[in-house]
Every structure is written in C-alpha cells, then in structure tokens.
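Here is entry-v5.tsv, consisting of TSV, C-alpha atoms:
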chain	number	residue	atom	x	y	z
B	128	MET	CA	41.69	-32.56	-51.85
B	129	SER	CA	39.63	-34.85	-54.10
B	130	ASP	CA	38.49	-36.92	-51.12
B	131	LEU	CA	38.21	-40.57	-52.11
B	132	SER	CA	38.60	-41.92	-48.57
B	133	ALA	CA	35.06	-43.31	-48.59
B	134	LEU	CA	36.17	-45.74	-51.29
B	135	ARG	CA	38.52	-47.49	-48.86
B	136	ALA	CA	35.56	-49.53	-47.60
B	137	ASP	CA	35.39	-51.16	-51.04
B	138	PHE	CA	38.80	-52.82	-50.50
B	139	PRO	CA	38.61	-55.66	-47.95
B	140	ILE	CA	42.37	-56.00	-47.50
B	141	LEU	CA	42.72	-52.43	-46.26
B	142	ALA	CA	40.90	-53.42	-43.06
B	143	ARG	CA	43.61	-55.86	-41.98
B	144	GLU	CA	46.57	-55.33	-39.66
B	145	VAL	CA	50.25	-56.05	-40.29
B	146	ASN	CA	52.52	-56.67	-37.31
B	147	GLY	CA	49.75	-55.45	-35.03
B	148	LYS	CA	49.40	-52.13	-36.88
B	149	PRO	CA	46.79	-50.96	-39.38
B	150	LEU	CA	47.93	-51.69	-42.92
B	151	VAL	CA	49.30	-48.68	-44.79
B	152	TYR	CA	49.63	-49.92	-48.36
B	153	LEU	CA	52.06	-47.77	-50.34
B	154	ASP	CA	53.10	-50.27	-53.00
B	155	SER	CA	50.51	-49.77	-55.73
B	156	ALA	CA	53.15	-49.28	-58.43
B	157	ALA	CA	53.96	-52.97	-57.91
B	158	THR	CA	50.34	-54.09	-57.74
B	159	THR	CA	47.10	-52.48	-56.64
B	160	GLN	CA	44.57	-53.83	-54.19
B	161	LYS	CA	41.23	-55.12	-55.49
B	162	PRO	CA	37.76	-53.74	-54.75
B	163	GLN	CA	34.99	-56.11	-53.73
B	164	SER	CA	33.26	-55.63	-57.10
B	165	VAL	CA	36.24	-57.18	-58.92
B	166	LEU	CA	36.38	-60.11	-56.50
B	167	ASP	CA	32.62	-60.63	-56.84
B	168	ALA	CA	32.72	-60.55	-60.66
B	169	MET	CA	35.38	-63.26	-60.82
B	170	ASP	CA	33.64	-65.33	-58.16
B	171	SER	CA	30.33	-65.08	-60.01
B	172	TYR	CA	31.92	-66.30	-63.25
B	173	TYR	CA	33.31	-69.39	-61.55
B	174	LYS	CA	30.09	-70.08	-59.66
B	175	HIS	CA	27.61	-69.54	-62.48
B	176	SER	CA	29.21	-69.42	-65.97
B	177	ASN	CA	32.45	-71.39	-65.85
B	178	ALA	CA	33.19	-72.85	-69.30
B	179	ASN	CA	35.68	-72.45	-72.09
B	180	VAL	CA	35.12	-69.65	-74.58
B	181	HIS	CA	34.53	-69.64	-78.34
B	182	ARG	CA	34.41	-73.44	-78.50
B	183	GLY	CA	31.04	-74.70	-77.37
B	184	ALA	CA	27.40	-74.41	-78.38
B	185	HIS	CA	26.03	-74.99	-74.89
B	186	THR	CA	24.65	-72.29	-72.63
B	187	LEU	CA	27.62	-72.01	-70.26
B	188	ALA	CA	30.05	-71.66	-73.17
B	189	ALA	CA	27.91	-68.93	-74.68
B	190	GLU	CA	27.73	-67.10	-71.34
B	191	ALA	CA	31.49	-67.38	-70.78
B	192	THR	CA	32.19	-66.10	-74.28
B	193	GLU	CA	29.86	-63.17	-73.78
B	194	LEU	CA	31.53	-62.26	-70.48
B	195	TYR	CA	35.00	-62.56	-71.99
B	196	GLU	CA	34.27	-60.49	-75.08
B	197	SER	CA	32.27	-57.97	-73.07
B	198	ALA	CA	35.35	-57.45	-70.91
B	199	ARG	CA	37.43	-56.86	-74.04
B	200	GLY	CA	34.96	-54.21	-75.11
B	201	LYS	CA	35.10	-52.49	-71.70
B	202	VAL	CA	38.91	-52.40	-71.62
B	203	ALA	CA	39.10	-51.20	-75.23
B	204	SER	CA	36.57	-48.43	-74.57
B	205	PHE	CA	38.55	-47.39	-71.49
B	206	ILE	CA	41.51	-46.46	-73.71
B	207	GLY	CA	39.45	-45.15	-76.63
B	208	ALA	CA	40.06	-48.18	-78.82
B	209	SER	CA	38.16	-50.65	-80.94
B	210	PRO	CA	37.79	-54.15	-79.40
B	211	ASP	CA	39.26	-55.80	-82.51
B	212	GLN	CA	42.53	-53.97	-81.83
B	213	LEU	CA	42.87	-55.11	-78.22
B	214	VAL	CA	44.62	-58.40	-77.47
B	215	PHE	CA	44.41	-59.99	-74.03
B	216	THR	CA	47.85	-61.13	-72.86
B	217	ARG	CA	49.41	-62.25	-69.58
B	218	GLY	CA	50.45	-58.66	-68.84
B	219	THR	CA	52.62	-55.76	-69.96
B	220	THR	CA	55.74	-57.91	-70.19
B	221	THR	CA	54.06	-60.43	-72.48
B	222	SER	CA	52.60	-57.64	-74.60
B	223	LEU	CA	56.01	-56.04	-75.09
B	224	ASN	CA	57.53	-59.40	-75.94
B	225	PHE	CA	54.75	-59.99	-78.49
B	226	ILE	CA	55.75	-56.72	-80.19
B	227	ALA	CA	59.47	-57.44	-80.02
B	228	TYR	CA	59.19	-60.97	-81.41
B	229	GLY	CA	56.10	-60.64	-83.58
B	230	TRP	CA	57.09	-57.37	-85.21
B	231	GLY	CA	60.74	-56.76	-84.36
B	232	LEU	CA	62.10	-60.18	-85.25
B	233	ASN	CA	60.47	-59.99	-88.67
B	234	ASN	CA	61.21	-56.36	-89.51
B	235	LEU	CA	64.64	-55.55	-88.06
B	236	SER	CA	68.01	-56.36	-89.57
B	237	ARG	CA	71.70	-55.61	-89.07
B	238	GLY	CA	72.41	-51.90	-88.81
B	239	ASP	CA	68.90	-50.90	-87.75
B	240	LYS	CA	68.50	-48.94	-84.52
B	241	ILE	CA	66.16	-49.34	-81.55
B	242	ILE	CA	65.85	-46.29	-79.29
B	243	VAL	CA	64.80	-46.77	-75.66
B	244	THR	CA	65.17	-44.58	-72.57
B	245	ILE	CA	67.32	-45.20	-69.53
B	246	MET	CA	64.25	-45.03	-67.27
B	247	GLU	CA	62.67	-48.16	-68.79
B	248	HIS	CA	61.51	-51.17	-66.82
B	249	HIS	CA	63.39	-54.35	-67.75
B	250	ALA	CA	60.27	-55.46	-69.65
B	251	ASN	CA	60.96	-52.70	-72.19
B	252	ILE	CA	64.71	-53.31	-72.32
B	253	VAL	CA	65.43	-57.03	-72.23
B	254	PRO	CA	63.17	-58.04	-75.17
B	255	TRP	CA	64.84	-55.39	-77.33
B	256	GLN	CA	68.29	-56.56	-76.19
B	257	LEU	CA	67.38	-60.06	-77.33
B	258	ILE	CA	65.95	-58.86	-80.65
B	259	ALA	CA	69.07	-56.76	-81.23
B	260	LYS	CA	71.18	-59.85	-80.60
B	261	TYR	CA	69.13	-61.99	-82.99
B	262	THR	CA	68.87	-59.42	-85.79
B	263	GLY	CA	72.07	-57.41	-85.51
B	264	ALA	CA	70.17	-54.20	-84.72
B	265	GLU	CA	71.71	-51.63	-82.38
B	266	LEU	CA	70.14	-50.60	-79.07
B	267	VAL	CA	70.68	-46.94	-78.11
B	268	TYR	CA	69.52	-44.97	-75.07
B	269	LEU	CA	68.13	-41.56	-74.27
B	270	GLU	CA	69.41	-40.30	-70.90
B	271	LEU	CA	67.74	-38.11	-68.24
B	272	ASP	CA	67.85	-34.39	-67.57
B	273	ASP	CA	68.42	-32.66	-64.24
B	274	GLU	CA	64.76	-33.16	-63.27
B	275	PHE	CA	64.95	-36.94	-63.78
B	276	CYS	CA	62.87	-36.69	-66.96
B	277	VAL	CA	63.85	-38.13	-70.33
B	278	ASP	CA	66.31	-35.81	-72.06
B	279	THR	CA	65.24	-35.43	-75.68
B	280	SER	CA	67.98	-32.94	-76.59
B	281	GLU	CA	70.05	-35.67	-78.28
B	282	LEU	CA	67.09	-37.08	-80.17
B	283	GLU	CA	67.79	-35.19	-83.38
B	284	THR	CA	71.34	-36.57	-83.41
B	285	LEU	CA	70.12	-40.14	-82.95
B	286	LEU	CA	67.32	-39.96	-85.52
B	287	ASP	CA	68.03	-41.23	-89.00
B	288	ASP	CA	66.55	-43.72	-91.43
B	289	ARG	CA	68.19	-46.58	-89.53
B	290	VAL	CA	65.84	-46.05	-86.56
B	291	LYS	CA	63.04	-48.60	-86.73
B	292	VAL	CA	61.71	-48.68	-83.14
B	293	VAL	CA	61.31	-46.03	-80.45
B	294	ALA	CA	60.17	-47.68	-77.18
B	295	PHE	CA	59.43	-45.75	-74.01
B	296	ALA	CA	57.45	-45.68	-70.77
B	297	GLY	CA	54.50	-43.37	-70.30
B	298	MET	CA	55.40	-43.06	-66.62
B	299	SER	CA	58.45	-44.33	-64.77
B	300	ASN	CA	57.77	-47.00	-62.17
B	301	VAL	CA	60.80	-45.70	-60.23
B	302	THR	CA	60.72	-41.90	-60.32
B	303	GLY	CA	57.12	-41.34	-61.37
B	304	ALA	CA	58.39	-39.13	-64.21
B	305	LEU	CA	56.03	-38.82	-67.17
B	306	GLY	CA	57.48	-39.78	-70.53
B	307	PRO	CA	57.60	-37.27	-73.40
B	308	ILE	CA	55.06	-39.30	-75.36
B	309	GLU	CA	54.19	-36.74	-78.02
B	310	ILE	CA	57.83	-35.86	-78.75
B	311	LEU	CA	58.95	-39.49	-79.04
B	312	THR	CA	55.91	-40.58	-81.02
B	313	GLN	CA	56.39	-37.77	-83.54
B	314	ALA	CA	60.12	-38.48	-83.71
B	315	ALA	CA	59.45	-42.13	-84.54
B	316	ALA	CA	56.91	-41.21	-87.22
B	317	SER	CA	59.29	-38.71	-88.80
B	318	VAL	CA	61.70	-41.50	-89.78
B	319	GLY	CA	59.11	-44.22	-90.41
B	320	ALA	CA	59.80	-46.07	-87.14
B	321	ILE	CA	57.19	-47.64	-84.88
B	322	SER	CA	56.48	-46.17	-81.45
B	323	VAL	CA	55.98	-48.60	-78.55
B	324	LEU	CA	54.45	-47.28	-75.33
B	325	ASP	CA	54.86	-49.14	-72.05
B	326	ALA	CA	51.75	-47.81	-70.33
B	327	ALA	CA	51.81	-50.10	-67.29
B	328	GLN	CA	52.06	-47.07	-64.98
B	329	LEU	CA	50.20	-44.62	-67.21
B	330	VAL	CA	46.83	-46.22	-67.97
B	331	PRO	CA	46.02	-46.82	-64.26
B	332	HIS	CA	46.68	-43.20	-63.34
B	333	ALA	CA	45.58	-40.94	-66.19
B	334	GLN	CA	42.94	-40.61	-68.88
B	335	VAL	CA	44.36	-42.32	-71.97
B	336	ASP	CA	43.10	-42.17	-75.55
B	337	VAL	CA	45.27	-44.19	-77.90
B	338	GLU	CA	44.06	-42.36	-80.97
B	339	ALA	CA	45.01	-39.02	-79.44
B	340	LEU	CA	48.40	-40.34	-78.32
B	341	GLY	CA	49.24	-41.42	-81.85
B	342	VAL	CA	51.41	-44.37	-80.76
B	343	ASP	CA	51.64	-47.54	-82.83
B	344	PHE	CA	51.59	-50.04	-79.96
B	345	MET	CA	50.66	-49.82	-76.28
B	346	ALA	CA	50.95	-52.34	-73.45
B	347	PHE	CA	49.45	-52.34	-69.95
B	348	SER	CA	48.42	-54.67	-67.09
B	349	ALA	CA	45.21	-55.26	-65.15
B	350	HIS	CA	46.80	-55.79	-61.75
B	351	LYS	CA	48.15	-52.24	-61.63
B	352	MET	CA	44.64	-50.83	-62.10
B	353	LEU	CA	42.54	-52.73	-59.52
B	354	GLY	CA	42.27	-55.88	-61.67
B	355	PRO	CA	43.66	-59.39	-61.18
B	356	THR	CA	47.16	-60.61	-61.91
B	357	GLY	CA	47.83	-62.77	-64.95
B	358	ILE	CA	46.17	-60.58	-67.56
B	359	GLY	CA	47.01	-57.44	-69.48
B	360	ALA	CA	46.46	-55.97	-72.88
B	361	LEU	CA	48.27	-55.21	-76.10
B	362	TRP	CA	46.79	-52.51	-78.30
B	363	GLY	CA	48.12	-51.87	-81.77
B	364	LYS	CA	47.17	-50.09	-84.95
B	365	ALA	CA	45.05	-52.36	-87.11
B	366	ASP	CA	47.46	-52.62	-90.03
B	367	LEU	CA	50.41	-53.43	-87.79
B	368	LEU	CA	48.52	-56.13	-85.89
B	369	ALA	CA	47.31	-57.62	-89.17
B	370	SER	CA	50.84	-57.80	-90.57
B	371	MET	CA	52.46	-58.99	-87.34
B	372	GLU	CA	53.30	-62.64	-86.83
B	373	PRO	CA	51.88	-64.49	-83.82
B	374	THR	CA	54.47	-65.50	-81.24
B	375	GLU	CA	52.48	-68.39	-79.78
B	376	GLY	CA	50.84	-71.17	-81.74
B	377	GLY	CA	48.13	-73.61	-80.76
B	378	GLY	CA	44.40	-73.81	-80.46
B	379	GLU	CA	42.06	-70.85	-80.79
B	380	MET	CA	44.48	-68.67	-82.80
B	381	ILE	CA	44.15	-70.60	-86.06
B	382	ASN	CA	41.92	-70.49	-89.09
B	383	VAL	CA	42.99	-73.63	-90.99
B	384	VAL	CA	45.65	-76.15	-89.96
B	385	GLU	CA	47.15	-78.49	-92.57
B	386	ARG	CA	49.95	-81.00	-92.12
B	387	HIS	CA	52.68	-78.47	-92.88
B	388	THR	CA	51.01	-75.06	-92.96
B	389	SER	CA	48.48	-73.06	-90.99
B	390	THR	CA	46.59	-69.81	-91.41
B	391	TRP	CA	45.65	-67.52	-88.59
B	392	ALA	CA	42.40	-66.35	-87.06
B	393	PRO	CA	41.59	-62.65	-87.38
B	394	VAL	CA	43.03	-60.16	-84.90
B	395	PRO	CA	42.77	-60.16	-81.90
B	396	HIS	CA	42.28	-63.95	-81.67
B	397	LYS	CA	45.41	-64.51	-83.77
B	398	PHE	CA	47.46	-63.62	-80.69
B	399	GLU	CA	45.42	-65.50	-78.07
B	400	ALA	CA	46.58	-69.10	-78.30
B	401	GLY	CA	45.00	-71.68	-76.01
B	402	THR	CA	42.47	-71.19	-73.26
B	403	PRO	CA	42.62	-67.52	-72.26
B	404	PRO	CA	42.46	-66.11	-68.72
B	405	ILE	CA	38.66	-65.90	-68.74
B	406	ALA	CA	37.96	-65.15	-65.08
B	407	GLU	CA	40.80	-62.63	-65.10
B	408	ALA	CA	39.29	-60.90	-68.14
B	409	VAL	CA	35.98	-60.67	-66.27
B	410	GLY	CA	37.85	-59.12	-63.33
B	411	PHE	CA	39.67	-56.75	-65.69
B	412	GLY	CA	36.33	-55.57	-67.05
B	413	ALA	CA	34.99	-55.02	-63.54
B	414	ALA	CA	38.13	-53.04	-62.66
B	415	VAL	CA	37.70	-50.60	-65.54
B	416	ASP	CA	34.02	-50.27	-64.60
B	417	TYR	CA	35.11	-49.23	-61.12
B	418	LEU	CA	37.70	-46.75	-62.40
B	419	ALA	CA	35.27	-45.28	-64.91
B	420	ALA	CA	32.76	-44.72	-62.11
B	421	VAL	CA	35.39	-42.92	-60.02
B	422	GLY	CA	36.57	-40.88	-63.01
B	423	MET	CA	40.18	-40.81	-64.17
B	424	ASP	CA	40.40	-37.02	-63.87
B	425	THR	CA	39.22	-37.30	-60.25
B	426	LEU	CA	41.76	-40.04	-59.60
B	427	ARG	CA	44.56	-38.00	-61.20
B	428	ASP	CA	43.67	-34.93	-59.11
B	429	HIS	CA	43.66	-37.04	-55.94
B	430	GLU	CA	47.06	-38.53	-56.72
B	431	ARG	CA	48.56	-35.17	-57.67
B	432	GLU	CA	47.45	-33.70	-54.34
B	433	LEU	CA	48.73	-36.73	-52.42
B	434	THR	CA	52.07	-36.53	-54.22
B	435	THR	CA	52.39	-32.81	-53.53
B	436	TYR	CA	51.75	-33.45	-49.84
B	437	ALA	CA	54.18	-36.40	-49.76
B	438	LEU	CA	56.97	-34.45	-51.43
B	439	GLU	CA	56.52	-31.62	-48.93
B	440	ARG	CA	56.49	-33.94	-45.91
B	441	LEU	CA	59.41	-36.05	-47.10
B	442	SER	CA	61.49	-32.92	-47.72
B	443	GLU	CA	61.30	-32.26	-43.96
B	444	ILE	CA	63.35	-35.40	-43.24
B	445	PRO	CA	67.10	-34.77	-43.00
B	446	ASP	CA	69.40	-36.99	-45.08
B	447	LEU	CA	66.55	-38.09	-47.40
B	448	THR	CA	67.19	-37.97	-51.15
B	449	ILE	CA	64.31	-38.18	-53.62
B	450	TYR	CA	64.86	-39.42	-57.18
B	451	GLY	CA	62.26	-37.85	-59.42
B	452	PRO	CA	60.75	-34.56	-60.59
B	453	LYS	CA	59.70	-32.06	-57.94
B	454	ASP	CA	57.10	-30.61	-60.32
B	455	VAL	CA	53.96	-32.73	-59.82
B	456	THR	CA	52.71	-31.89	-63.32
B	457	LYS	CA	55.67	-33.89	-64.64
B	458	ARG	CA	55.16	-36.99	-62.51
B	459	GLY	CA	52.86	-39.58	-61.05
B	460	GLY	CA	52.54	-40.88	-57.52
B	461	ALA	CA	55.62	-43.10	-57.25
B	462	ILE	CA	58.38	-41.63	-55.08
B	463	SER	CA	61.76	-43.36	-54.84
B	464	PHE	CA	64.14	-42.26	-52.11
B	465	GLN	CA	67.21	-43.03	-50.03
B	466	LEU	CA	67.64	-42.21	-46.36
B	467	GLY	CA	71.27	-41.48	-45.56
B	468	ASP	CA	73.34	-44.61	-45.95
B	469	ILE	CA	70.57	-46.93	-44.72
B	470	HIS	CA	70.01	-49.74	-47.21
B	471	ALA	CA	66.63	-49.64	-48.92
B	472	HIS	CA	65.76	-53.13	-47.67
B	473	ASP	CA	66.46	-52.08	-44.08
B	474	ILE	CA	64.17	-49.08	-44.55
B	475	ALA	CA	61.41	-51.32	-45.91
B	476	THR	CA	61.81	-53.74	-43.00
B	477	ILE	CA	61.51	-50.99	-40.41
B	478	LEU	CA	58.47	-49.54	-42.16
B	479	ASP	CA	56.89	-52.98	-42.30
B	480	GLN	CA	57.15	-53.23	-38.53
B	481	ASP	CA	54.88	-50.18	-38.46
B	482	GLY	CA	52.45	-51.80	-40.88
B	483	ILE	CA	53.67	-49.75	-43.85
B	484	ALA	CA	54.20	-51.57	-47.15
B	485	VAL	CA	56.72	-50.00	-49.55
B	486	ARG	CA	58.91	-51.49	-52.24
B	487	ALA	CA	62.69	-51.77	-51.90
B	488	GLY	CA	65.22	-52.80	-54.53
B	489	HIS	CA	66.13	-51.98	-58.11
B	490	HIS	CA	62.46	-52.02	-59.22
B	491	CYS	CA	63.30	-54.00	-62.36
B	492	ALA	CA	65.28	-50.98	-63.56
B	493	ARG	CA	68.93	-51.82	-62.99
B	494	PRO	CA	70.27	-49.53	-65.75
B	495	LEU	CA	68.46	-46.62	-64.07
B	496	MET	CA	69.86	-47.54	-60.65
B	497	LYS	CA	73.34	-47.61	-62.16
B	498	TYR	CA	72.66	-44.25	-63.77
B	499	PHE	CA	71.78	-42.89	-60.31
B	500	GLY	CA	74.88	-44.54	-58.84
B	501	VAL	CA	72.90	-46.54	-56.28
B	502	ALA	CA	72.18	-50.23	-55.77
B	503	ALA	CA	68.57	-49.77	-54.72
B	504	THR	CA	65.98	-47.30	-53.51
B	505	ALA	CA	62.89	-47.47	-51.35
B	506	ARG	CA	59.68	-46.52	-53.13
B	507	ALA	CA	56.32	-45.35	-51.84
B	508	SER	CA	53.53	-45.29	-54.41
B	509	PHE	CA	49.97	-44.08	-54.11
B	510	TYR	CA	46.57	-44.86	-55.55
B	511	LEU	CA	42.96	-43.80	-55.14
B	512	TYR	CA	42.59	-45.46	-51.71
B	513	ASN	CA	45.52	-43.66	-50.05
B	514	THR	CA	45.25	-40.70	-47.67
B	515	THR	CA	47.43	-37.91	-46.28
B	516	LYS	CA	47.18	-39.59	-42.87
B	517	GLU	CA	49.00	-42.60	-44.31
B	518	ILE	CA	51.74	-40.32	-45.61
B	519	ASP	CA	52.06	-38.91	-42.10
B	520	HIS	CA	52.56	-42.46	-40.82
B	521	LEU	CA	55.27	-42.99	-43.44
B	522	VAL	CA	57.10	-39.83	-42.42
B	523	ALA	CA	56.91	-40.68	-38.71
B	524	SER	CA	58.28	-44.17	-39.37
B	525	LEU	CA	61.16	-42.78	-41.44
B	526	HIS	CA	62.09	-40.55	-38.51
B	527	THR	CA	62.13	-43.71	-36.38
B	528	ALA	CA	64.48	-45.33	-38.89
B	529	ARG	CA	66.82	-42.36	-38.66
B	530	GLY	CA	66.98	-42.79	-34.92
B	531	LEU	CA	67.58	-46.54	-35.09
B	532	PHE	CA	70.54	-45.98	-37.43
B	533	GLY	CA	72.02	-43.11	-35.50
B	534	LEU	CA	71.10	-40.37	-37.99
B	535	ALA	CA	68.89	-38.42	-35.58

Could you render the structure from this file as structure tokens?
Amino acid sequence: MSDLSALRADFPILAREVNGKPLVYLDSAATTQKPQSVLDAMDSYYKHSNANVHRGAHTLAAEATELYESARGKVASFIGASPDQLVFTRGTTTSLNFIAYGWGLNNLSRGDKIIVTIMEHHANIVPWQLIAKYTGAELVYLELDDEFCVDTSELETLLDDRVKVVAFAGMSNVTGALGPIEILTQAAASVGAISVLDAAQLVPHAQVDVEALGVDFMAFSAHKMLGPTGIGALWGKADLLASMEPTEGGGEMINVVERHTSTWAPVPHKFEAGTPPIAEAVGFGAAVDYLAAVGMDTLRDHERELTTYALERLSEIPDLTIYGPKDVTKRGGAISFQLGDIHAHDIATILDQDGIAVRAGHHCARPLMKYFGVAATARASFYLYNTTKEIDHLVASLHTARGLFGLA
C-alpha cells in the first residue's frame, strides 16, 4: 500500500479520543481534517498581516493582498488553470449558484432543457430547479446503471438543440461513483450547451486539469481538501466568465458606480463582492501546497487500496448492503451502506461509541435515496490519513451493532 500513515502526525485532531476511544475519522466526504501547516498559515496571517485586501496603500494591506492573490495562484495552478479564471467563493454550493443565476438566469428561456444526473448533491439540483421555475426551462435526469454509475444510454434521446446545460458530479458523495465526465462534456458541446462540473469530491481525490477535462465551469470547496470551511472556488472558461453577470453587488467588484448604473471590475474580482475570506484563502493555499507535496497520484493510489480493502472487509458482514460500484477504478473512497433493517442513525450512534465517526442520513441527495428506495444510509469515507487498521475497527464495530440488534 502507498503508506501515508506517517502523515497522521501532521493532523492534531487525530490524536484525540472520542468516548474514551481513539478517534477513527471516516467522514472526510463531509469535511476533511486540517494539517498543522494550514492552521499555522491562517494563524500567521492574523498575527502578522491582518488587513483588508486591494484597498490600502499601507504595508499590512499590501502583505494581505499578496497572500490572498498568491493563494489564488496556488489553487489555480493545482487544477491547471490561470489565476484570472479562478473566483474565490464561499464553497461549491455558492459556485454552482453563481453559475445558475449568473449564467442560467440570463441565458435560459421557456422550452430549454437542463440535464442533471440522479446522483447529484442538492447543490447541483436545487439551483437548477429554481432557475427552471424562473425561466420556464425543463429539468431532466439521467438515471443509474446496475453498477450505480450514471447511465448514459438515454443521452442520445435527450440531446437536442433545446439542451442548454448539462450539470453533473465528478464523483458521487454518496456512492463514490465517478461521473462520465468526458461523455457528458462532449455531449453538451455537441449541441452547444454548457457543461457544469461539481468537483467537490473529485478535486480533493484525483489529479485534475481543467483544460484536459474540457468542461465549461467547475466548482469545488477547500474544506474537503484539507483547507478551511467558508471558501471554495469557481473556475470557468474566460469568455463565459466575461459574459456572465455577477450575482452579488457591492464593494470590490465594481469599476465605476454612478447614481443609476455601474460597471464591473475584471474577472475574477467581478464576482468577489465585499471583503473576501482572506485568512481562509491563505489556508486554502497552504492546503494545496500540502497536497501537492504528497502527490495526487500517491493519494489516489492510497485511497484506491484502502477502498479495495474496505469493500472486501465489509463484504464479510452478513446483512450489509453497499450502494456503489464494486470496481474501484470506477469509484472513490466513499462507501454508503445499510446493515439489515438497522436505521443509519442508529448505526452511526453505535459506531460513535467506539470512537468511529461516519455520516448517516440522506447526504444531501434525497432524489438518490428515493431512487434506492431507502430513507438514509450510513457512509464511511476515506482520505490520505486513514489506515487499514481503522477499517478493521469499523468492521468490528459493525459486528457489534449486528449483535445489539439481534442480527448475529
């Protein structure tokens, strides 16, 4: 295995106990833990360079601006992009809303179609539902195949000149299934539609190059890739960002303001109204520094081996159903499951008593839960700091749960 266990010492929280047991953190699909280098970078900004950006001529303002824009450059480079095409936002959800309202509201009309997949997070469904309501566009779904991957067999039937948006996840936060990015991106381009990639689960776990992907827009979040909460990024093709309307108005994003009209600052500042999350940007930059040092191919190999081991161990447990591809080349390290008729929240509570943190619920993917015919699942998700020993703890605790509920 690509042994990254030595890196655990970089994460202070992993040394703590929960309910008298060593913490086993298996909830990284919800949010990742933070290495000391990220915490130190943010702390250093507040201690030594705290000031507002772009607005002052004094030394602290200049230092803050340099730190903020340097972070933009680091994050852009991490995805193979130019800094002037990367907008800092509050996270993936805000980025997707920016696209829906800034582009969709101004380019869609009655009769147009928006294609999404049934495995989407609510953040890539609800904004499009609202835009469809406001514009009269139609929202249509791609379903899943027998391996819990997006079924593209009906795509040709759905594609016509009415399709204006194809929006999809690069990796499911529920099943871990990888999205058919190339197929959907090419399908969108073939009818002149824009492609929108929710990469919240993809960018933290795989090497991503936006130019190679060929998508028109991409959204992702810092907190799912070792960075702080409250910041994410929107990347878009230069011409689309230039033509797109801002969805927030105020200071910083303007060029000239008159009594009744305003003109906008150049991209990316056009979309960054008000004081930005400066410390969070600094932390975001430190997070991508850390990941770059580890190597995304190394991280991906580690997760693939962990997931292979987890799928094998979990398959040993009677009455356990896994929702997601069995082929690890088609998935990431998020595994959703049910254990007999035990409610997912009861499973999570029992695991927590053993110090194991997993997610339980609908995972902000209610249409997918309904598609599966379940109310909720439990989900274990892995990252670079997880080990096979922790998976063994998970399996042992699930056997305990079976016994407690009379399944043993």

Write out as a Markdown table the residues of range 338-406 of chain B that have any atom within 10 Å of an atom of range 510-533 of chain B, one row each with the nearest atom pair and its distance in Å to one decimal, counting all atoms listed in the file, sorted by chain and then rising number.
| residue | atom | partner | partner_atom | distance |
| --- | --- | --- | --- | --- |
| B:Lys351 | CA | B:Tyr510 | CA | 9.7 |
| B:Met352 | CA | B:Tyr510 | CA | 9.1 |
| B:Leu353 | CA | B:Tyr510 | CA | 9.7 |

Best match for closeness to Leu426 in chain B among B:Glu196, B:Asp473, B:Glu338, B:Asp130, counting all atoms listed in the file: B:Asp130

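Proximity ranking of B:Ala349, B:Val301, B:Ile477, B:Leu324 relative to Asp154 in chain B places B:Val301 first, based on all atoms listed in the file.
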
Nearest to Ala156 in chain B, chosen from B:Val485, B:Ala208, B:Leu495, B:Met246, with only C-alpha atoms counted in the distances: B:Val485

Here is a test: counting all atoms listed in the file, which residue of B:Leu131, B:Ala503, B:Leu141, B:Ile206 is nearest to Leu340 in chain B?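 Of B:Leu131, B:Ala503, B:Leu141, B:Ile206, the one nearest Leu340 in chain B, counting all atoms listed in the file, is B:Ile206.
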
Excluding Ala475 in chain B and residues on its chain fewer than 3 positions from it, collect all residues at most 12 Å away from it, counting all atoms listed in the file, and give them as a ChimeraX atom specification. /B:153-154,463-466,469-472,478-488,503-507,521,524-525,528

Dump as a list in words all residues having an atom at most 12 Å from (48.6, -57.9, -89.3), computed in the file's coordinates with only C-alpha atoms.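 Those residues lying close to the given coordinates are Asp211, Gln212, Ile226, Gly229, Trp230, Gly363, Lys364, Ala365, Asp366, Leu367, Leu368, Ala369, Ser370, Met371, Glu372, Pro373, Trp391, Ala392, Pro393, Val394, Pro395, His396, Lys397 and Phe398 of chain B.
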
Option closest in space to Ile241 in chain B, from B:Gly207, B:His175, B:Ala315, B:Val214 [counting all atoms listed in the file]: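 With all atoms listed in the file as the atom set, the closest residue is B:Ala315.
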
Expected residue set, 12 Å radius at (34.6, -60.5, -59.9), all atoms listed in the file, as a PyMOL selection string: chain B and resi 161-175+194+198+353-355+405-417

If you take all atoms listed in the file and a cut-off of 7 Å, which residues of range 352-467 of chain B touch range 302-311 of chain B, and what are their nearest atom pairs and distances in Å to one decimal, in chain and number order, as CSV?
residue,atom,partner,partner_atom,distance
B:Tyr450,CA,B:Thr302,CA,5.8
B:Gly451,CA,B:Thr302,CA,4.4
B:Pro452,CA,B:Ala304,CA,6.3
B:Lys457,CA,B:Leu305,CA,5.6
B:Arg458,CA,B:Ala304,CA,4.2
B:Gly459,CA,B:Gly303,CA,4.6
B:Gly460,CA,B:Gly303,CA,6.0
B:Ala461,CA,B:Gly303,CA,4.7
B:Ile462,CA,B:Thr302,CA,5.7
B:Ser463,CA,B:Thr302,CA,5.8

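Counting all atoms listed in the file and comparing B:Glu274, B:Val151, B:Thr221, B:Ser209, the residue that lies closest to Thr374 in chain B is B:Thr221.
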
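From CA of Tyr152 in chain B back to CA of Thr220 in chain B, the distance works out to 24.0 Å.
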